[in-house]
Amino acid sequence: MLKCIQEHRTETCNTVMRWTSNSVILAPVIPASMALGGWAADNKPLLADAATVGASMGTSLALVMGTKYIVRRPRPYIKYEGDLMSVTTEPDPSFPSGHSVMAFSTATSLSLLYPRWYVIAPSFLWASAVGYSRLYLGVHYPSDVLVGALIGAGVAVFSYYVAQRLREDTPWAPSDAVVLSYKFSF
């Protein structure tokens, strides 16, 4: 599969795929802008949604970085030097794809928080494009991208349900801070 992709690369597509791949660095802007946004249309605080998206992203990133250095799978262009060429190089191990983890974590979180087609379709289209760009650039195996997508989506679902559970069990109001500080003081 990687060999077939490599044979059909063009300079224009190389540039587009680099931009697509690097768009992941903008993902943390989403929870930050949500936190500054105030209230959503359905009158729920965006700060709580931002915390859910941010927790998903942070947990996913920590999990993937730990996995990369435990597994230590070499990049395809390193393992098959001479047969496969990459458009770009990466310093860390290959498995799983951190870019895919972040993209699918973001897409899944947004889709769960805002279950509308105009959020879900573009989110997963973008996440899938990021995953494909990692294959196109020659820096990941298909299994790296697939596992990255599963980790990102799985952690996002888990974070969403934990956040929902916390919202149901502990309604938060400014006066609760006094009660909490009293309960946990020594």
# chains A, B, ... in the order shown; residues from 1 in each chain; ligands from 1

$ residues_around --residues "range 84-96 of chain A" --least-positions-apart "3" --cutoff "9 Å" --atoms "only C-alpha atoms" --output "ChimeraX atom specification"
/A:2-3,6,14,18,64-65,67-69,71-81,99-101,136-141,143-149,151

$ residues_around --residues "Leu125 in chain A" --least-positions-apart "4" --cutoff "12 Å" --atoms "only C-alpha atoms" --output "list in words"
Thr20, Ala103, Phe104, Thr106, Ala107, Thr108, Ser111, Trp117, Tyr118, Val119, Ile120, Ala121, Ala129, Val130, Gly131 and Tyr132 of chain A

$ write_last_selection --atoms "all heavy atoms" --output "compact mmCIF listing (two decimals), in the first residue's frame"
# COMPACT_ATOMS: atom_id res chain seq x y z
N THR A 20 -1.96 19.30 5.69
CA THR A 20 -3.02 18.51 6.32
C THR A 20 -2.48 17.84 7.58
O THR A 20 -3.11 17.90 8.64
CB THR A 20 -3.57 17.45 5.35
OG1 THR A 20 -4.04 18.10 4.18
CG2 THR A 20 -4.68 16.63 5.98
N ALA A 103 -6.13 13.83 16.02
CA ALA A 103 -7.21 14.17 15.10
C ALA A 103 -8.50 13.44 15.46
O ALA A 103 -9.58 14.05 15.52
CB ALA A 103 -6.80 13.85 13.66
N PHE A 104 -8.41 12.13 15.73
CA PHE A 104 -9.62 11.37 16.04
C PHE A 104 -10.13 11.65 17.45
O PHE A 104 -11.32 11.58 17.70
CB PHE A 104 -9.39 9.88 15.79
CG PHE A 104 -9.56 9.53 14.34
CD1 PHE A 104 -8.47 9.54 13.49
CD2 PHE A 104 -10.80 9.24 13.82
CE1 PHE A 104 -8.61 9.25 12.14
CE2 PHE A 104 -10.96 8.94 12.47
CZ PHE A 104 -9.86 8.96 11.62
N THR A 106 -10.00 14.64 18.82
CA THR A 106 -10.71 15.91 18.64
C THR A 106 -12.04 15.70 17.92
O THR A 106 -13.08 16.20 18.36
CB THR A 106 -9.83 16.89 17.83
OG1 THR A 106 -8.58 17.05 18.50
CG2 THR A 106 -10.51 18.24 17.68
N ALA A 107 -12.02 14.96 16.82
CA ALA A 107 -13.24 14.74 16.04
C ALA A 107 -14.30 14.01 16.85
O ALA A 107 -15.49 14.38 16.82
CB ALA A 107 -12.91 13.94 14.77
N THR A 108 -13.89 12.99 17.59
CA THR A 108 -14.86 12.22 18.38
C THR A 108 -15.42 13.07 19.52
O THR A 108 -16.63 13.05 19.77
CB THR A 108 -14.21 10.94 18.93
OG1 THR A 108 -13.67 10.19 17.83
CG2 THR A 108 -15.21 10.08 19.68
N SER A 111 -17.87 15.54 18.12
CA SER A 111 -19.07 14.86 17.65
C SER A 111 -19.97 14.41 18.79
O SER A 111 -21.20 14.43 18.65
CB SER A 111 -18.67 13.66 16.79
OG SER A 111 -17.97 14.10 15.65
N TRP A 117 -24.89 16.81 12.15
CA TRP A 117 -24.16 16.35 10.96
C TRP A 117 -23.11 17.35 10.53
O TRP A 117 -22.05 16.98 10.05
CB TRP A 117 -25.14 16.05 9.82
CG TRP A 117 -25.74 17.27 9.20
CD1 TRP A 117 -26.92 17.88 9.52
CD2 TRP A 117 -25.17 18.05 8.15
NE1 TRP A 117 -27.12 18.99 8.77
CE2 TRP A 117 -26.05 19.13 7.89
CE3 TRP A 117 -24.00 17.96 7.41
CZ2 TRP A 117 -25.80 20.09 6.94
CZ3 TRP A 117 -23.76 18.92 6.44
CH2 TRP A 117 -24.64 19.98 6.21
N TYR A 118 -23.38 18.65 10.70
CA TYR A 118 -22.44 19.67 10.26
C TYR A 118 -21.24 19.81 11.21
O TYR A 118 -20.32 20.56 10.90
CB TYR A 118 -23.13 21.01 10.04
CG TYR A 118 -23.99 21.49 11.19
CD1 TYR A 118 -23.44 22.15 12.28
CD2 TYR A 118 -25.36 21.27 11.17
CE1 TYR A 118 -24.23 22.57 13.33
CE2 TYR A 118 -26.15 21.70 12.21
CZ TYR A 118 -25.58 22.36 13.29
OH TYR A 118 -26.36 22.78 14.33
N VAL A 119 -21.24 19.09 12.31
CA VAL A 119 -20.05 18.99 13.16
C VAL A 119 -19.37 17.64 12.90
O VAL A 119 -18.15 17.58 12.72
CB VAL A 119 -20.42 19.11 14.66
CG1 VAL A 119 -19.21 18.85 15.55
CG2 VAL A 119 -21.02 20.49 14.95
N ILE A 120 -20.15 16.59 12.87
CA ILE A 120 -19.61 15.23 12.73
C ILE A 120 -18.91 15.03 11.38
O ILE A 120 -17.77 14.55 11.34
CB ILE A 120 -20.73 14.19 12.92
CG1 ILE A 120 -21.28 14.28 14.34
CG2 ILE A 120 -20.23 12.78 12.61
CD1 ILE A 120 -22.57 13.50 14.57
N ALA A 121 -19.58 15.37 10.28
CA ALA A 121 -19.01 15.11 8.94
C ALA A 121 -17.67 15.83 8.73
O ALA A 121 -16.68 15.19 8.38
CB ALA A 121 -20.02 15.47 7.86
N ALA A 129 -8.46 12.65 6.78
CA ALA A 129 -7.46 13.26 5.91
C ALA A 129 -6.10 13.32 6.61
O ALA A 129 -5.06 13.07 5.99
CB ALA A 129 -7.90 14.65 5.48
N VAL A 130 -6.11 13.62 7.90
CA VAL A 130 -4.85 13.62 8.67
C VAL A 130 -4.25 12.22 8.69
O VAL A 130 -3.06 12.04 8.45
CB VAL A 130 -5.07 14.16 10.11
CG1 VAL A 130 -3.85 13.90 10.97
CG2 VAL A 130 -5.40 15.64 10.09
N GLY A 131 -5.07 11.22 8.95
CA GLY A 131 -4.58 9.83 8.95
C GLY A 131 -4.00 9.44 7.61
O GLY A 131 -2.91 8.87 7.53
N TYR A 132 -4.71 9.76 6.52
CA TYR A 132 -4.20 9.42 5.19
C TYR A 132 -2.92 10.18 4.89
O TYR A 132 -2.00 9.63 4.27
CB TYR A 132 -5.25 9.70 4.11
CG TYR A 132 -4.72 9.38 2.74
CD1 TYR A 132 -4.61 8.06 2.32
CD2 TYR A 132 -4.27 10.38 1.88
CE1 TYR A 132 -4.09 7.74 1.07
CE2 TYR A 132 -3.74 10.08 0.63
CZ TYR A 132 -3.65 8.76 0.24
OH TYR A 132 -3.11 8.45 -0.98

$ select_by_dssp --residues "range 26-138 of chain A" --states "alpha helix (DSSP H)" --output "ChimeraX atom specification"
/A:29-37,46-71,76-79,98-113,117-136

$ closest_residue --among "A:Phe124, A:Ser133, A:Gly154, A:Leu110" --to "Thr15 in chain A" --atoms "only C-alpha atoms"
A:Ser133

$ closest_residue --among "A:Ser56, A:Arg165, A:Leu135, A:Tyr114" --to "Ala153 in chain A" --atoms "only C-alpha atoms"
A:Ser56

$ atom_distance --atom1 "CA of Ala127 in chain A" --atom2 "CA of Met17 in chain A"
12.6 Å

$ closest_residue --among "A:Gln164, A:Leu112, A:Asn22, A:Gly152" --to "Leu61 in chain A" --atoms "only C-alpha atoms"
A:Gly152

$ atom_distance --atom1 "CA of Cys4 in chain A" --atom2 "CA of Ser97 in chain A"
20.1 Å

$ atom_distance --atom1 "CA of Val162 in chain A" --atom2 "CA of Leu63 in chain A"
17.2 Å
